[in-house]
Each structure stands twice: as structure tokens, then as C-alpha cells.
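S.K.: Pasting in a structure now, in C-alpha cells, and then I'll have a few things to ask.
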There are 2 protein chains.
Amino acid sequence: MAKPGQPSRPRSDHSGPETGTRQALVDAAIETLHEEGFAGASARAIARRAGCNQALVFYYFGSVVDLLLAALDAVSQARFVRYSAAVEVVTNPADLLAVAVDVFREDLDAGYATVLVEMIAGASSTPGLGAEVARRIAPWADFAESAVSSALADSPLRAMVPTGEVAHAIVALYLGLEMLANLDGDRGRATALFGHLALLVSAFEALSPRLMQRENR
Amino acid sequence: MAKPGQPSRPRSDHSGPETGTRQALVDAAIETLHEEGFAGASARAIARRAGCNQALVFYYFGSVVDLLLAALDAVSQARFVRYSAAVEVVTNPADLLAVAVDVFREDLDAGYATVLVEMIAGASSTPGLGAEVARRIAPWADFAESAVSSALADSPLRAMVPTGEVAHAIVALYLGLEMLANLDGDRGRATALFGHLALLVSAFEALSPRLMQRENR
DNA sequence: GTCTATACTTGGATAGAC
DNA sequence: GTCTATCCAAGTATAGAC
């Protein structure tokens with residue numbers, strides 16, 4: 001499955017931020033997906049942003065879609081690290097919402113969420129791309145599910161919440177909010193929602209013991 | 001604002017389904033956005049599906065994006081009619097969820113939801129397209145808001161729900177669920193959620209009188 | 001590793017025959 | 001109104017100089 005076009009690159013044996021051309025192309029791909037969308041993410045457009053020649057896209061990645069998938073990988077890995085650290089301290093739904101709004105705003109501003117959206121939406125234009133994208137999206141849903149599970153661990157809500165479906169809905173909401181925020185340029189609309197959601201959850205939690213009585217009867 | 005390329009067309013003075021080439025192109029555009037995405041929706045690809053010549057795209061619509069916007073208009077209008085009829089009989093949240101799942105499944109199967117998603121995601125590739133798409137999405141949020149309002153009219157939930165933000169979230173969830181459904185080809189995951197949402201709403205409604213007491217204190 | 005040059009393909013758009 | 005023919009721009013990808 002390893003493309004022959006893959007050159008013997010240095011690939012960062014230190015742990016600092018990568019500065020090579022390969023990384024510049026990945027960064028430029030993220031930026032281009034954010035700024036011009038999947039349809040505008042050509043080898044030329046990306047290379048222009050990376051400040052290098054168009055041919056290097058093919059030298060390093062073999063094809064444009066493979067570069068875009070590498071960008072998706074980079075975003076997934078980077079955000080997974082960030083999410084894991086943020087969620088580690090969370091033990092209840094209210095805290096989870098609080099960190100979610102921070103992290104989500106970062107994803108919006110940096111264009112990370114756009115990368116997901118554009119790759120999913122663009123997947124149908126290229127045979128086989130859908131499966132590749134799906135494989136890379138799956139960890140996000142898994143992460144959301146475990147975050148929900150652990151946040152509800154001590155909550156009576158836990159028994160009545162299907163964590164898998166909630167996680168699926170969270171990912172969907174994440175994608176949808178990003179789309180709308182990117183369309184009208186208003187990040188506030190998206191993040192304001194979290195505040196009301198927090199109210200709702202805490203209100204629900206306060207009442208849930210009585211609710212449990214009813215549900216378990 | 002009227003494009004000069006607009007021919008003097010018959011434009012259906014009867015009320016049956018349109019059968020002309022213009023309508024065939026709109027239908028083909030919807031289908032192409034569904035099947036191949038925004039990036040794959042070229043004049044040639046659409047014309048092939050419509051069974052006519054590529055030049056007719058420009059004869060009727062002036063440009064490809066204008067055809068795609070016409071497709072978005074067609075979907076919006078058609079679904080608005082359908083939604084209005086469906087929601088007319090709804091007076092409570094549970095009923096609203098019940099009709100929502102039916103209508104949403106139609107949108108998924110017919111590719112109507114994909115048209116929204118692809119146009120929003122593709123908007124960033126063409127200057128000015130974002131504003132045009134946003135104008136055409138707004139009615140959906142307005143509709144969702146009025147549906148939520150009327151469904152909650154007799155409910156004690158009404159006072160504590162910010163209908164505008166809920167509507168925004170519903171549209172976002174709609175878009176996100178469509179993306180995921182289209183990616184993994186599993187409509188069930190999306191619609192199963194509605195069942196649990198219905199449970200949650202009814203449970204919350206049953207308890208809301210007591211909740212109102214707390215909130216209003 | 002990076003560039004130039006180039007071959008090839010696809011797509012947007014127009015002109016003009018019918 | 002529909003088609004053929006065509007032009008031009010942009011994109012993917014490769015070869016080869018440096």
C-alpha cells in the first residue's frame with residue numbers, strides 16, 4: 001500500500017515543530033482547504049501557499065488527494081493529543097462542555113474543523129476517497145464516546161444515555177456547526193449554544209435522581 | 001440582476017412536474033451533487049446525466065455555479081412545501097420529532113440534504129458564492145425556529161428554550177448527520193438518534209413542571 | 001530536493017450551423 | 001432550442017536539468 005513516490009525523508013526524529021518542505025505542504029494544504037475548500041485545493045494552489053513548486057506535491061505525496069489525506073492525518077493526530085490532555089481532568093458533563101467550547105473554538109479558528117468538513121464533503125468526487133476519510137474520522141467518534149462515558153461515569157444520567165449514538169450526534173453537530181460558522185463567518189452563534197447546553201445538562205442532572213426513579217420502575 | 005443569458009422559456013404555466021430541458025438540468029444537478037459532490041459537478045458531468053449537451057448549461061443558466069444555485073433553490077422550495085404540510089398537524093415536541101424523522105429520511109434518500117451540504121462546503125471555492133448560499137439556507141433556519149416555537153407553544157419548556165439557537169443547532173445537526181450518513185452509507189445511524197431524542201424530550205416534558213418551579217424561583 | 005519544461009486531460013465558456 | 005466545433009485556462013502528472 002506504500003506508494004513508490006515516497007522519498008526517503010528525514011521525518012522529524014526530534015520532537016519540535018517540523019520546518020521542512022513536506023511539513024510546509026501539509027500546513028499549506030490545511031490552510032487551502034480552509035480558505036478555498038476541497039474544490040479549490042489544487043496542487044498549484046497549495047504549493048503557492050507553501051512557497052514552493054507545484055511538482056513537489058507529487059514528489060512528496062504522489063498525488064493531490066494523498067496530500068489532502070496527509071493533512072487530515074496531521075489534524076487528527078494533533079487534535080487527538082490536545083483533546084486527550086483537555087479531557088483528562090473532566091469528571092462530569094458540565095466540565096466536559098466547558099472544555100469542549102474552548103477546544104471547539106480553536107478548531108474553528110485554526111481551520112481544523114474545516115479540514116474534516118471539506119474532506120468529507122469532497123470525498124464523493126473521487127472513487128475510494130470516502131473509505132479513506134471514513135477510516136480517519138472514526139477515531140473522532142471513538143474519542144467523543146469515551147469522553148461522554150467518562151464524563152457520565154459518576155452521573156445517574158449514565159444508564160439512560162446511549163453513548164455511541166450521543167457520540168455520533170456530537171460529531172455531527174460539530175461538523176454542522178463548523179459548516180454554518182464558516183458560511184456566515186460567525187463563530188459566536190456556534191459557541192453560544194454550548195452555554196445553553198450546559199444549563200440544560202445541569203438542570204437535567206439536578207433532577208435526574210427523580211427521573212431515574214421513574215425510568216427504573 | 002437578471003442575467004442576459006436567460007432565454008425566454010415556457011417556465012411551466014401548468015402545475016404538473018416540469019419535463020423540459022431546463023428542469024432536466026436542475027434535476028441532473030441535484031443528482032450530480034449527490035453522486036459526485038461539488039467538486040465533481042462540472043457542466044459536462046451534469047449534462048451527461050441530463051441527457052443533453054454541455055453547452056445548454058450555459059444557454060439556460062449562464063454558468064455552472066448559477067445552475068447549482070438553481071438546484072439549491074429548487075430543493076429549498078420543494079422541501080419547504082413538504083415541511084409545511086408535515087408540520088401543520090404538529091402541536092408538541094414528540095409529534096415534531098416523529099415527522100422530522102420521516103422527512104429527514106426522505107431528504108437523505110433523495111439527496112436533498114446532500115445538495116445543502118455540498119453547496120455550503122463548496123461555497124468557499126468561488127468568491128461570492130458563500131453569500132448566495134447563505135441567503136438560500138436562511139429560510140431553513142427560520143422554518144426550524146417556527147416549527148420549534150409552535151411545537152413548544154403549549155409546553156412549559158417554551159420559557160427556557162432559546163428557539164433561535166435551538167433552530168441553529170437543529171440545522172447544524174441535520175447537516176452533520178447527512179455528512180456522516182453519506183460518508184459511511186448508513187442512514188440508520190442518523191435516524192436511530194431521533195428515537196432516543198424523543199425519549200429524552202418526553203422524559204423532560206414529564207418533569208418540566210417541577211423544573212419550572214425551580215427555574216422561576 | 002527543487003526547479004523548469006512539457007505532455008496530457010478536463011473544464012468553462014462562446015460562436016455558429018441547423 | 002440543441003448541437004458541433006473550438007478556444008482558452010487550469011489542473012495532474014512526469015521527465016529531466018541543476
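To be explicit about the labels: the chains of the C-alpha cells are called A, B, and onward in the order shown, and within each one the residues are counted from 1, while ligands get numbers from 1 in the order they are shown.
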Compile the contact shell of stretch 4-14 of chain D as a list in words: residues with an atom at most 9 Å away, counting only C-alpha atoms (C1' of nucleotides), same-chain residues fewer than 5 positions apart removed.
M.R.: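 Returned residues: Ser42, Ala43, Arg44, Ala55, Phe58, Gly62, Ser63 and Val64 of chain A; DT6, DA7, DC8, DT9, DT10, DG11, DG12, DA13, DT14, DA15, DG16 and DA17 of chain C.
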S.K.: Per residue of chain A within 6 Å of chain B, what are the shortest atom pair and its distance in Å to one decimal, counting only C-alpha atoms, with rows by chain and residue number, as a tab-separated table?
M.R.:
residue	atom	partner	partner_atom	distance
A:Glu36	CA	B:Ser125	CA	4.4
A:Gly37	CA	B:Ser125	CA	5.3
A:Ala39	CA	B:Ala39	CA	4.9
A:Gly40	CA	B:Ser125	CA	5.1
A:Ser124	CA	B:Glu36	CA	5.0
A:Ser125	CA	B:Glu36	CA	4.5
A:Ala172	CA	B:Gly176	CA	3.9
A:Leu173	CA	B:Leu173	CA	4.6
A:Leu175	CA	B:Gly176	CA	5.2
A:Gly176	CA	B:Ala172	CA	3.9
A:Leu177	CA	B:Ala172	CA	5.1
S.K.: Could you please take those selected residues and save N, CA and C atoms as a PDB file, in the first residue's frame?
M.R.:
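Contents of the output file part11.pdb:
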ATOM      1  N   GLU A  36     -10.101  27.864   0.611  1.00  0.00           N
ATOM      2  CA  GLU A  36     -10.667  27.699  -0.739  1.00  0.00           C
ATOM      3  C   GLU A  36     -11.451  26.412  -0.915  1.00  0.00           C
ATOM      4  N   GLY A  37     -11.536  25.613   0.124  1.00  0.00           N
ATOM      5  CA  GLY A  37     -12.341  24.402   0.040  1.00  0.00           C
ATOM      6  C   GLY A  37     -11.682  23.274  -0.725  1.00  0.00           C
ATOM      7  N   ALA A  39     -12.695  21.837  -3.434  1.00  0.00           N
ATOM      8  CA  ALA A  39     -12.702  22.086  -4.880  1.00  0.00           C
ATOM      9  C   ALA A  39     -11.593  23.042  -5.297  1.00  0.00           C
ATOM     10  N   GLY A  40     -11.136  23.857  -4.364  1.00  0.00           N
ATOM     11  CA  GLY A  40     -10.080  24.808  -4.700  1.00  0.00           C
ATOM     12  C   GLY A  40      -8.697  24.353  -4.277  1.00  0.00           C
ATOM     13  N   SER A 124     -16.854  12.383  -2.102  1.00  0.00           N
ATOM     14  CA  SER A 124     -17.678  11.732  -3.124  1.00  0.00           C
ATOM     15  C   SER A 124     -17.195  12.014  -4.542  1.00  0.00           C
ATOM     16  N   SER A 125     -16.256  12.957  -4.686  1.00  0.00           N
ATOM     17  CA  SER A 125     -15.810  13.297  -6.034  1.00  0.00           C
ATOM     18  C   SER A 125     -14.731  12.358  -6.553  1.00  0.00           C
ATOM     19  N   ALA A 172     -21.595  14.887  14.532  1.00  0.00           N
ATOM     20  CA  ALA A 172     -22.439  15.513  13.517  1.00  0.00           C
ATOM     21  C   ALA A 172     -22.665  16.983  13.835  1.00  0.00           C
ATOM     22  N   LEU A 173     -22.958  17.269  15.088  1.00  0.00           N
ATOM     23  CA  LEU A 173     -23.189  18.662  15.488  1.00  0.00           C
ATOM     24  C   LEU A 173     -21.930  19.495  15.287  1.00  0.00           C
ATOM     25  N   LEU A 175     -19.546  18.992  13.103  1.00  0.00           N
ATOM     26  CA  LEU A 175     -19.384  19.244  11.671  1.00  0.00           C
ATOM     27  C   LEU A 175     -20.372  20.291  11.171  1.00  0.00           C
ATOM     28  N   GLY A 176     -21.614  20.163  11.597  1.00  0.00           N
ATOM     29  CA  GLY A 176     -22.642  21.092  11.134  1.00  0.00           C
ATOM     30  C   GLY A 176     -22.405  22.506  11.627  1.00  0.00           C
ATOM     31  N   LEU A 177     -22.021  22.642  12.877  1.00  0.00           N
ATOM     32  CA  LEU A 177     -21.754  23.977  13.419  1.00  0.00           C
ATOM     33  C   LEU A 177     -20.583  24.626  12.694  1.00  0.00           C
TER      34      LEU A 177
END
S.K.: Mind giving me the straight-line distance from atom CA of A:Pro139 to atom CA of A:Arg82 in Å, one decimal?
M.R.: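 Result for atom CA of A:Pro139 versus atom CA of A:Arg82: 13.8 Å, one decimal.
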S.K.: Tell me which protein, DNA and RNA residues are within 8 Å of stretch 26-30 of chain B, counting only C-alpha atoms (C1' of nucleotides), leaving out same-chain ones fewer than 3 positions away, and put them as a CSV table (one decimal) with N, CA, C and O atoms, in the first residue's frame.
M.R.:
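out-v7.csv, freshly written:
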chain,number,residue,atom,x,y,z
B,22,ARG,N,-34.6,22.5,-19.3
B,22,ARG,CA,-34.2,23.3,-18.1
B,22,ARG,C,-34.4,22.5,-16.8
B,22,ARG,O,-33.4,22.4,-16.0
B,23,GLN,N,-35.5,21.9,-16.6
B,23,GLN,CA,-35.8,21.2,-15.4
B,23,GLN,C,-34.9,19.9,-15.3
B,23,GLN,O,-34.5,19.5,-14.3
B,33,LEU,N,-24.6,16.5,-7.7
B,33,LEU,CA,-24.1,16.9,-6.4
B,33,LEU,C,-24.2,15.8,-5.4
B,33,LEU,O,-23.3,15.6,-4.6
B,34,HIS,N,-25.2,15.0,-5.5
B,34,HIS,CA,-25.4,13.9,-4.6
B,34,HIS,C,-24.4,12.8,-4.8
B,34,HIS,O,-23.8,12.2,-3.9
B,41,ALA,N,-19.2,18.3,-9.8
B,41,ALA,CA,-20.3,18.8,-10.5
B,41,ALA,C,-19.9,19.7,-11.7
B,41,ALA,O,-20.2,20.9,-11.6
B,46,ILE,N,-22.9,17.1,-15.4
B,46,ILE,CA,-24.4,17.3,-15.2
B,46,ILE,C,-25.1,17.1,-16.5
B,46,ILE,O,-26.2,16.4,-16.5
B,47,ALA,N,-24.6,17.6,-17.6
B,47,ALA,CA,-25.3,17.5,-18.9
B,47,ALA,C,-25.4,16.0,-19.3
B,47,ALA,O,-26.4,15.6,-19.9
B,49,ARG,N,-25.7,13.5,-17.3
B,49,ARG,CA,-26.9,12.9,-16.6
B,49,ARG,C,-28.2,13.4,-17.1
B,49,ARG,O,-29.2,12.7,-17.0
B,50,ALA,N,-28.2,14.7,-17.6
B,50,ALA,CA,-29.5,15.2,-18.1
B,50,ALA,C,-29.8,14.7,-19.5
B,50,ALA,O,-30.9,14.9,-20.0
B,67,LEU,N,-26.3,27.3,-12.2
B,67,LEU,CA,-27.1,26.1,-12.3
B,67,LEU,C,-27.2,25.5,-10.9
B,67,LEU,O,-28.3,25.0,-10.4
B,68,LEU,N,-26.1,25.4,-10.2
B,68,LEU,CA,-26.0,24.7,-8.9
B,68,LEU,C,-26.9,25.5,-7.9
B,68,LEU,O,-27.6,24.9,-7.1
B,70,ALA,N,-29.5,27.3,-8.8
B,70,ALA,CA,-30.9,27.0,-9.2
B,70,ALA,C,-31.3,25.6,-8.6
B,70,ALA,O,-32.5,25.5,-8.2
B,71,ALA,N,-30.4,24.7,-8.5
B,71,ALA,CA,-30.7,23.4,-7.9
B,71,ALA,C,-31.0,23.6,-6.5
B,71,ALA,O,-31.9,23.0,-5.9
B,72,LEU,N,-30.2,24.4,-5.8
B,72,LEU,CA,-30.4,24.6,-4.4
B,72,LEU,C,-31.7,25.3,-4.2
B,72,LEU,O,-32.5,25.0,-3.2
B,74,ALA,N,-34.4,25.0,-6.1
B,74,ALA,CA,-35.4,24.0,-6.3
B,74,ALA,C,-35.6,23.1,-5.1
B,74,ALA,O,-36.8,22.8,-4.7
B,111,GLY,N,-31.3,12.8,-1.7
B,111,GLY,CA,-30.1,13.6,-2.0
B,111,GLY,C,-30.3,15.1,-1.7
B,111,GLY,O,-29.4,15.9,-2.0
B,112,TYR,N,-31.5,15.4,-1.2
B,112,TYR,CA,-31.8,16.9,-1.0
B,112,TYR,C,-30.8,17.4,0.1
B,112,TYR,O,-30.3,18.5,-0.1
B,115,VAL,N,-27.4,18.2,-1.3
B,115,VAL,CA,-27.3,19.4,-2.0
B,115,VAL,C,-26.9,20.6,-1.1
B,115,VAL,O,-26.0,21.4,-1.4
S.K.: Specify as JSON, numbers by chain all residues of chain C found within 12 Å of chain A, counting only C-alpha atoms (C1' of nucleotides).
M.R.: {"C": [1, 2, 3, 4, 5]}
S.K.: What are the residues of chain D lining chain B at 9 Å or less? Count only C-alpha atoms (C1' of nucleotides), and put the answer as an mmCIF file with N, CA and C atoms (P, O5', C5', C4', C3', O3' and C1' of nucleotides), in the first residue's frame.
M.R.:
data_model
loop_
_atom_site.group_PDB
_atom_site.id
_atom_site.type_symbol
_atom_site.label_atom_id
_atom_site.label_comp_id
_atom_site.auth_asym_id
_atom_site.auth_seq_id
_atom_site.Cartn_x
_atom_site.Cartn_y
_atom_site.Cartn_z
ATOM 1 P P DG D 1 -36.694 28.500 -26.133
ATOM 2 O "O5'" DG D 1 -35.982 27.281 -26.935
ATOM 3 C "C5'" DG D 1 -36.365 26.029 -26.568
ATOM 4 C "C4'" DG D 1 -35.577 25.031 -27.382
ATOM 5 C "C3'" DG D 1 -34.435 24.439 -26.548
ATOM 6 O "O3'" DG D 1 -34.582 23.047 -26.684
ATOM 7 C "C1'" DG D 1 -33.619 25.147 -28.646
ATOM 8 P P DT D 2 -33.843 22.115 -25.688
ATOM 9 O "O5'" DT D 2 -32.629 21.527 -26.521
ATOM 10 C "C5'" DT D 2 -32.906 20.781 -27.706
ATOM 11 C "C4'" DT D 2 -31.671 20.698 -28.566
ATOM 12 C "C3'" DT D 2 -30.405 20.279 -27.822
ATOM 13 O "O3'" DT D 2 -30.080 18.951 -28.167
ATOM 14 C "C1'" DT D 2 -29.996 21.960 -29.480
ATOM 15 P P DC D 3 -28.767 18.283 -27.595
ATOM 16 O "O5'" DC D 3 -27.701 18.533 -28.764
ATOM 17 C "C5'" DC D 3 -27.919 17.938 -30.036
ATOM 18 C "C4'" DC D 3 -26.946 18.533 -31.046
ATOM 19 C "C3'" DC D 3 -25.482 18.309 -30.698
ATOM 20 O "O3'" DC D 3 -24.949 17.248 -31.477
ATOM 21 C "C1'" DC D 3 -25.911 20.581 -31.400
#
S.K.: Take atom CA of B:Leu96 and atom CA of A:Arg187 and report the distance between them in Å, one decimal.
M.R.: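 Those two atoms sit 28.3 Å apart.
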S.K.: Which residues are close to B:Ala198, i.e. within 9 Å by only C-alpha atoms (C1' of nucleotides), leaving aside same-chain residues fewer than 5 positions away? Reply as a CSV table (one decimal) with N, CA and C atoms, in the first residue's frame.
M.R.:
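Resulting contents of part_39.csv:
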chain,number,residue,atom,x,y,z
B,93,PRO,N,-43.7,18.6,21.0
B,93,PRO,CA,-42.3,18.1,20.6
B,93,PRO,C,-42.2,16.7,20.2
B,94,ALA,N,-43.0,15.8,20.8
B,94,ALA,CA,-42.9,14.4,20.4
B,94,ALA,C,-43.4,14.2,18.9
B,95,ASP,N,-44.5,14.9,18.6
B,95,ASP,CA,-45.0,14.8,17.2
B,95,ASP,C,-44.0,15.4,16.2
B,97,LEU,N,-40.8,15.5,16.5
B,97,LEU,CA,-39.7,14.5,16.2
B,97,LEU,C,-40.2,13.4,15.3
B,98,ALA,N,-41.4,13.0,15.5
B,98,ALA,CA,-41.9,11.9,14.6
B,98,ALA,C,-42.0,12.3,13.1
B,193,LEU,N,-31.1,8.0,16.1
B,193,LEU,CA,-30.9,9.1,17.1
B,193,LEU,C,-32.2,9.7,17.5
B,203,ALA,N,-39.4,12.5,28.5
B,203,ALA,CA,-39.0,12.4,29.9
B,203,ALA,C,-38.8,13.8,30.5
